[in-house]
Amino acid sequence: MEGNIAYGKKITVGKKQGPTKKGVSVYSNLARKRQVKKDAKARKKAEYLATLPKHPLKRLLYRLHPKRVAKYWFSRQGLFMFLKIIGVCMLLLVLAGTALFAYFRKDLDQINPDTLSQRVRTTVTKYYDRNNKLLWEDKGDGDYTLVVDHKNIAPCMDQATVAIEDKDFYKHGGISISGIMRALLSNAQGNAVQGGSTLTQQLIKQVFFRDEAAKRGLAGIPRKIKEIILAVEVERMYSKDQILGLYLNESPYGGRRNGVESAAQTYFGKSSKDLNLSECALLAAIPNNPSAYNPYNIAGRNALLARQRKVIDNMVEMKYISKEQANQAKSVAIMDTVKPLADQYSNVKAPHFVQMVKEQLEGELGKTIVGEGGLTVKTTLDIDVQNLLESNMTAMFNGSMTSRDCNYRNCPNHAGFTNGAAAIEDTKTGQLLALMGSRDFNYTGFGQDNAAKAFIQPGSSIKPFVYAQLFSDQGSGKQNYGSGSTLTDTKTTFPGNYTPQNADNKFQNNINIRQALDRSRNIPAVKAMAINEQNNSGSTWSLIRAAGNKYYCTNGADAQAGLSSALGSCGTRLIDHVNAYSTLSRQGVYMPQTSIIKVTNSNGETLKEYKASSKQVINPQAAYIVTDILGDAKARAGLGWNQDYLPALTGIGVHAAVKTGTSNGEKNGKVASKDIWAAGYTPNLSMAVWFGNSDTSVLKSGNSLIPAMFFDKTMAAVSKSYADQKKLALSDWYTAPSGIQNIKGELFPSYYNKSTGTSTAKMTFDKVSKKKATSCTPEDAKIEIGVIKAKDDFTKKEIITSTDSSYDANADDDAHQCDDAKPTVSVSTTSSGTVSVTYTHGRYTLQSIELLSGSTVVASKQVDSNGTWTLSPTDLASATSGTITAKVTDVGYYTATNSTSYQKSSSSSSGS
């Protein structure tokens, strides 16, 4: 068939050719256009490349110029490239997400979300001492079947929980994208860490992944993915009310068990169905951080009350309650309605210790695992040692423990303290053997507060660590010290116009460090710290913290304490303090304190087990010298009681190192004692004890002899018990580390240079005043004594110390004045050979009179008042003719002489 088309050409039908224009195929024309465009694009690109530098690096830099980069990305070509990249990234994310979900989904095959309700349960945790004696069964109060039907929980509990934990609970399907993004943004901005988990995810985590709950960062990603998968599954299988009911039965509320029913009974003594709005808001505030929102300590009460207010405000915002209901709920003194903690621990032994162990496990294993129960916890406590400690504490407060200082039976009333705390540690392992956080756990008001974990100023009991740093190797060119070194106990003003005083407001001048530490003198201790800081800034605090007082001078104003911290002006915890003293006992080796030996779950799996670790943090020679000083009973007696204050330990042959401490407060504008301490150790046991007032008020008559006495009697009892069990020998003591130098009875480290800054000399003293002789000092009162000359490294002044400690090398004779009235004497003879001596006193009472023939004393007698002494020829039988001299001496060593000629008669000579 033939025909005409618009172009007038014939086209034969059935032949394989397209329409043509002027004899050219239309398809060929289109192909040519495409080729032309492609050639033009290639030419344009070639022209562009021709303008670029030939060197590859220069070309790269040229193309990376900001203007050219911006021009590209804002062009059509750049937009297409951006969309391509986005598309590829999204595809990769989908593929990666799918792969991850598929990978972790296989781990969930054994988890059936349909069994969720069966997994929400409560069981008993048992705590034992080190000898497997039961301390406590943590099984809750009242009805032990604490999982309750959701319909039997007060509706306000649902509302309060949703309001504070997951406002979108009824809107999402198990996960909240907005919540996750909000948490990521908040955390990225450095704000307080927020979680993006929904209530459903939290429930999944508590039930299925409690062992993985502590994982953070990348390690927690697998768990998060599993959570999300299961959350979606749970939302498909259960209604919102069922999920919320399971959550309320499983969540940790900081009490002894999980679940709102347990919490209601624990805190308010009622069933969860009877909770009111104020109580619901308080309980809903706890699961976010049960340890922080603890109603049984001051910080926790304040934080919990603030969060309860937030819960109520959120309920108003979500229109669950009205503002009037909110105000009424806030007006309730809710903390006053919380049951005392002692009610929950009615049958527990060593309650403060057990509480502390439980808190530690909650921090390490998680609130859910501990709250779920079923654990067996073997602790380090020795219940027999605990009983000895508690018995002595009871004796102290009921007046049956007498003290040489109190003079009558009731020391607490005499001194004015109402509370006490103590801890005993096995120095070989760092394991706590006994602990009391108050005088009595059931004592009204503050008995449940654990003062052993409170920050209290340790006073002078911190000084051993200051000197330990001073005795450490300061490096070449630095002055080193030992127990015989002298830091003057004189009035000194330190930088910052700091002028410390001693407790007795007196000074003892040139005493050595042994005397300074055992007598607890303040100025030498501050000088020791000042020298430490001159040699290595921050070294003293570093050593104190490394030894075990890990929070010393770290909190608030304490961080600005400066040199006053050498006197214990910063707070520390008693449990840390006893551990630091154990470090001294171990010759400077730190071991972390532990209260747990082993924890197993209901399946017998070990969740935690004690493993010893140690680190040398104090030079062993320095630690030994400190121990030798603190163990010096004779030097300790110089503290002011003129006797060693460890008679019980000494009596059974135990050598102990101990230091007392007193912190100060203010009363009526005057400095007064606030806390009294004693801390010390043997090679086997360490102990710290504190007495004071829980309200931090000052004492009536604070004297650290009282805690020292308590330390003595308790440590003696425990040491004797352990010796009877062959766990220690009463005679155990330390061997000096290699290199210790003994110089004239004092100890110095190997790196101490004997010639550094010291010399010996002779000095003339006055025998009456025992001070340096002056030009007014009588010759007969003068005595030469050896002295050691050194330099006070802080004041740079010369220190002169007498080898006889009874003589003061820093003060001049004040017993004699140049115008003192002197004694007088006159002597006369008669022809018959009789001698008469007349004498009178001056400023001082007369002491003796002598009659000399030549240089030989022929007669003498003691006199104390004016008089005349007459001697017959018979009395002078040993005298010879010539000069006879009378010499009178008074107690001030003033003398007077008088001479006359003497002719011995024949009768006196024939009588010999």
# chains A, B, ... in the order shown; residues from 1 in each chain; ligands from 1
$ select_by_dssp --residues "stretch 464-496 of chain A" --states "helix (DSSP H, G or I)" --output "list in words"
Pro464, Phe465, Val466, Tyr467, Ala468, Gln469, Leu470 and Phe471 of chain A
$ write_last_selection --atoms "C-alpha atoms" --output "PDB file, in the first residue's frame"
ATOM      1  CA  PRO A 464      49.551  11.016 110.404  1.00  0.00           C
ATOM      2  CA  PHE A 465      48.963  11.283 106.654  1.00  0.00           C
ATOM      3  CA  VAL A 466      50.390  14.810 106.549  1.00  0.00           C
ATOM      4  CA  TYR A 467      53.599  13.551 108.171  1.00  0.00           C
ATOM      5  CA  ALA A 468      53.621  10.455 105.960  1.00  0.00           C
ATOM      6  CA  GLN A 469      53.939  12.785 102.984  1.00  0.00           C
ATOM      7  CA  LEU A 470      56.646  14.789 104.787  1.00  0.00           C
ATOM      8  CA  PHE A 471      58.648  11.600 105.435  1.00  0.00           C
TER       9      PHE A 471
END
$ residues_around --residues "stretch 601-610 of chain A" --least-positions-apart "3" --cutoff "12 Å" --atoms "only C-alpha atoms" --output "number ranges by chain"
A: 122-126, 130, 211, 360-361, 364-366, 369-370, 372-380, 429-431, 591-598, 613
$ residues_around --residues "stretch 412-424 of chain A" --least-positions-apart "6" --cutoff "9 Å" --atoms "only C-alpha atoms" --output "ChimeraX atom specification"
/A:385-386,389,393,396-399,406,431-440,446-447,450-452,574-575,578,674-675,685-694,697-703,706,715
$ write_last_selection --atoms "C-alpha atoms" --output "short mmCIF file (atom, residue, chain, number, x, y, z; two decimals), in the first residue's frame"
data_model
loop_
_atom_site.label_atom_id
_atom_site.label_comp_id
_atom_site.auth_asym_id
_atom_site.auth_seq_id
_atom_site.Cartn_x
_atom_site.Cartn_y
_atom_site.Cartn_z
CA VAL A 385 33.08 -8.90 116.38
CA GLN A 386 29.92 -6.93 115.65
CA LEU A 389 31.35 -3.57 119.19
CA MET A 393 28.71 1.04 122.41
CA MET A 396 29.24 3.67 126.69
CA PHE A 397 25.80 5.19 126.41
CA ASN A 398 24.17 3.50 129.39
CA GLY A 399 26.97 4.58 131.70
CA CYS A 406 34.79 11.54 133.15
CA GLN A 431 37.32 -6.41 104.61
CA LEU A 432 34.95 -4.76 107.08
CA LEU A 433 34.42 -6.92 110.15
CA ALA A 434 31.99 -4.71 112.06
CA LEU A 435 30.19 -1.41 111.66
CA MET A 436 27.84 0.76 113.69
CA GLY A 437 26.41 3.86 112.06
CA SER A 438 24.82 5.18 115.27
CA ARG A 439 24.61 4.42 118.96
CA ASP A 440 21.49 2.29 118.32
CA PHE A 446 18.69 9.73 114.20
CA GLY A 447 19.29 6.05 114.96
CA ASN A 450 24.43 6.01 109.13
CA ALA A 451 26.99 8.41 110.59
CA ALA A 452 29.77 6.08 109.39
CA LEU A 574 34.44 7.07 108.96
CA ILE A 575 34.41 4.00 106.70
CA VAL A 578 39.42 3.35 108.89
CA LYS A 674 32.35 19.36 118.09
CA ASP A 675 33.55 15.87 117.13
CA LEU A 685 43.01 -4.91 112.78
CA SER A 686 42.13 -1.28 112.19
CA MET A 687 39.43 0.71 113.92
CA ALA A 688 37.96 4.21 113.88
CA VAL A 689 35.44 5.59 116.35
CA TRP A 690 33.57 8.90 116.46
CA PHE A 691 31.42 10.54 119.12
CA GLY A 692 29.43 13.71 118.62
CA ASN A 693 25.94 15.04 117.97
CA SER A 694 23.85 14.26 114.92
CA SER A 697 26.12 20.96 117.91
CA VAL A 698 29.26 21.44 120.02
CA LEU A 699 30.10 19.39 123.09
CA LYS A 700 30.08 20.47 126.71
CA SER A 701 33.57 19.19 127.40
CA GLY A 702 34.97 17.41 124.39
CA ASN A 703 37.96 15.25 125.20
CA ILE A 706 36.83 9.14 125.59
CA MET A 715 40.25 -3.47 120.15
#
$ residues_around --residues "stretch 791-798 of chain A" --least-positions-apart "3" --cutoff "12 Å" --atoms "only C-alpha atoms" --output "MDAnalysis selection string"
chainID A and resid 470 478:481 485:495 509:512 523:535 756:759 788 801 809:810
$ write_last_selection --atoms "C-alpha atoms" --output "PDB file, in the first residue's frame"
ATOM      1  CA  LEU A 470      56.646  14.789 104.787  1.00  0.00           C
ATOM      2  CA  LYS A 478      64.826  18.632  98.876  1.00  0.00           C
ATOM      3  CA  GLN A 479      65.031  18.430 102.654  1.00  0.00           C
ATOM      4  CA  ASN A 480      63.922  15.085 104.051  1.00  0.00           C
ATOM      5  CA  TYR A 481      62.619  14.389 107.515  1.00  0.00           C
ATOM      6  CA  SER A 485      63.450  16.349 112.891  1.00  0.00           C
ATOM      7  CA  THR A 486      62.236  19.589 114.399  1.00  0.00           C
ATOM      8  CA  LEU A 487      59.493  21.887 113.154  1.00  0.00           C
ATOM      9  CA  THR A 488      59.129  24.596 115.764  1.00  0.00           C
ATOM     10  CA  ASP A 489      55.908  24.789 117.730  1.00  0.00           C
ATOM     11  CA  THR A 490      55.855  28.585 117.815  1.00  0.00           C
ATOM     12  CA  LYS A 491      53.357  31.231 116.815  1.00  0.00           C
ATOM     13  CA  THR A 492      53.471  31.359 113.022  1.00  0.00           C
ATOM     14  CA  THR A 493      51.469  33.244 110.420  1.00  0.00           C
ATOM     15  CA  PHE A 494      51.068  31.350 107.164  1.00  0.00           C
ATOM     16  CA  PRO A 495      50.042  32.670 103.720  1.00  0.00           C
ATOM     17  CA  ASN A 509      58.878  25.465 120.827  1.00  0.00           C
ATOM     18  CA  ASN A 510      61.584  23.074 119.564  1.00  0.00           C
ATOM     19  CA  ILE A 511      60.002  19.664 120.011  1.00  0.00           C
ATOM     20  CA  ASN A 512      60.774  16.982 117.456  1.00  0.00           C
ATOM     21  CA  ILE A 523      51.664  24.402 114.217  1.00  0.00           C
ATOM     22  CA  PRO A 524      54.248  21.714 113.284  1.00  0.00           C
ATOM     23  CA  ALA A 525      51.541  19.824 111.358  1.00  0.00           C
ATOM     24  CA  VAL A 526      50.607  22.928 109.361  1.00  0.00           C
ATOM     25  CA  LYS A 527      54.300  23.572 108.681  1.00  0.00           C
ATOM     26  CA  ALA A 528      54.663  19.973 107.501  1.00  0.00           C
ATOM     27  CA  MET A 529      51.871  20.455 104.994  1.00  0.00           C
ATOM     28  CA  ALA A 530      53.262  23.828 103.895  1.00  0.00           C
ATOM     29  CA  ILE A 531      56.621  22.190 103.160  1.00  0.00           C
ATOM     30  CA  ASN A 532      54.892  19.343 101.306  1.00  0.00           C
ATOM     31  CA  GLU A 533      53.080  21.847  99.103  1.00  0.00           C
ATOM     32  CA  GLN A 534      56.232  23.848  98.457  1.00  0.00           C
ATOM     33  CA  ASN A 535      57.915  20.681  97.203  1.00  0.00           C
ATOM     34  CA  THR A 756      71.769  18.266 105.466  1.00  0.00           C
ATOM     35  CA  GLY A 757      71.179  21.429 107.474  1.00  0.00           C
ATOM     36  CA  THR A 758      72.222  20.021 110.861  1.00  0.00           C
ATOM     37  CA  SER A 759      75.220  20.520 113.161  1.00  0.00           C
ATOM     38  CA  ILE A 788      71.631  20.267 117.606  1.00  0.00           C
ATOM     39  CA  THR A 801      67.392  21.810 120.148  1.00  0.00           C
ATOM     40  CA  ALA A 809      67.279  26.500 123.770  1.00  0.00           C
ATOM     41  CA  ASN A 810      64.898  29.213 122.602  1.00  0.00           C
TER      42      ASN A 810
END
$ closest_residue --among "A:Ala729, A:Leu135, A:Leu230, A:Ile225" --to "A:Ala99" --atoms "only C-alpha atoms"
A:Ile225
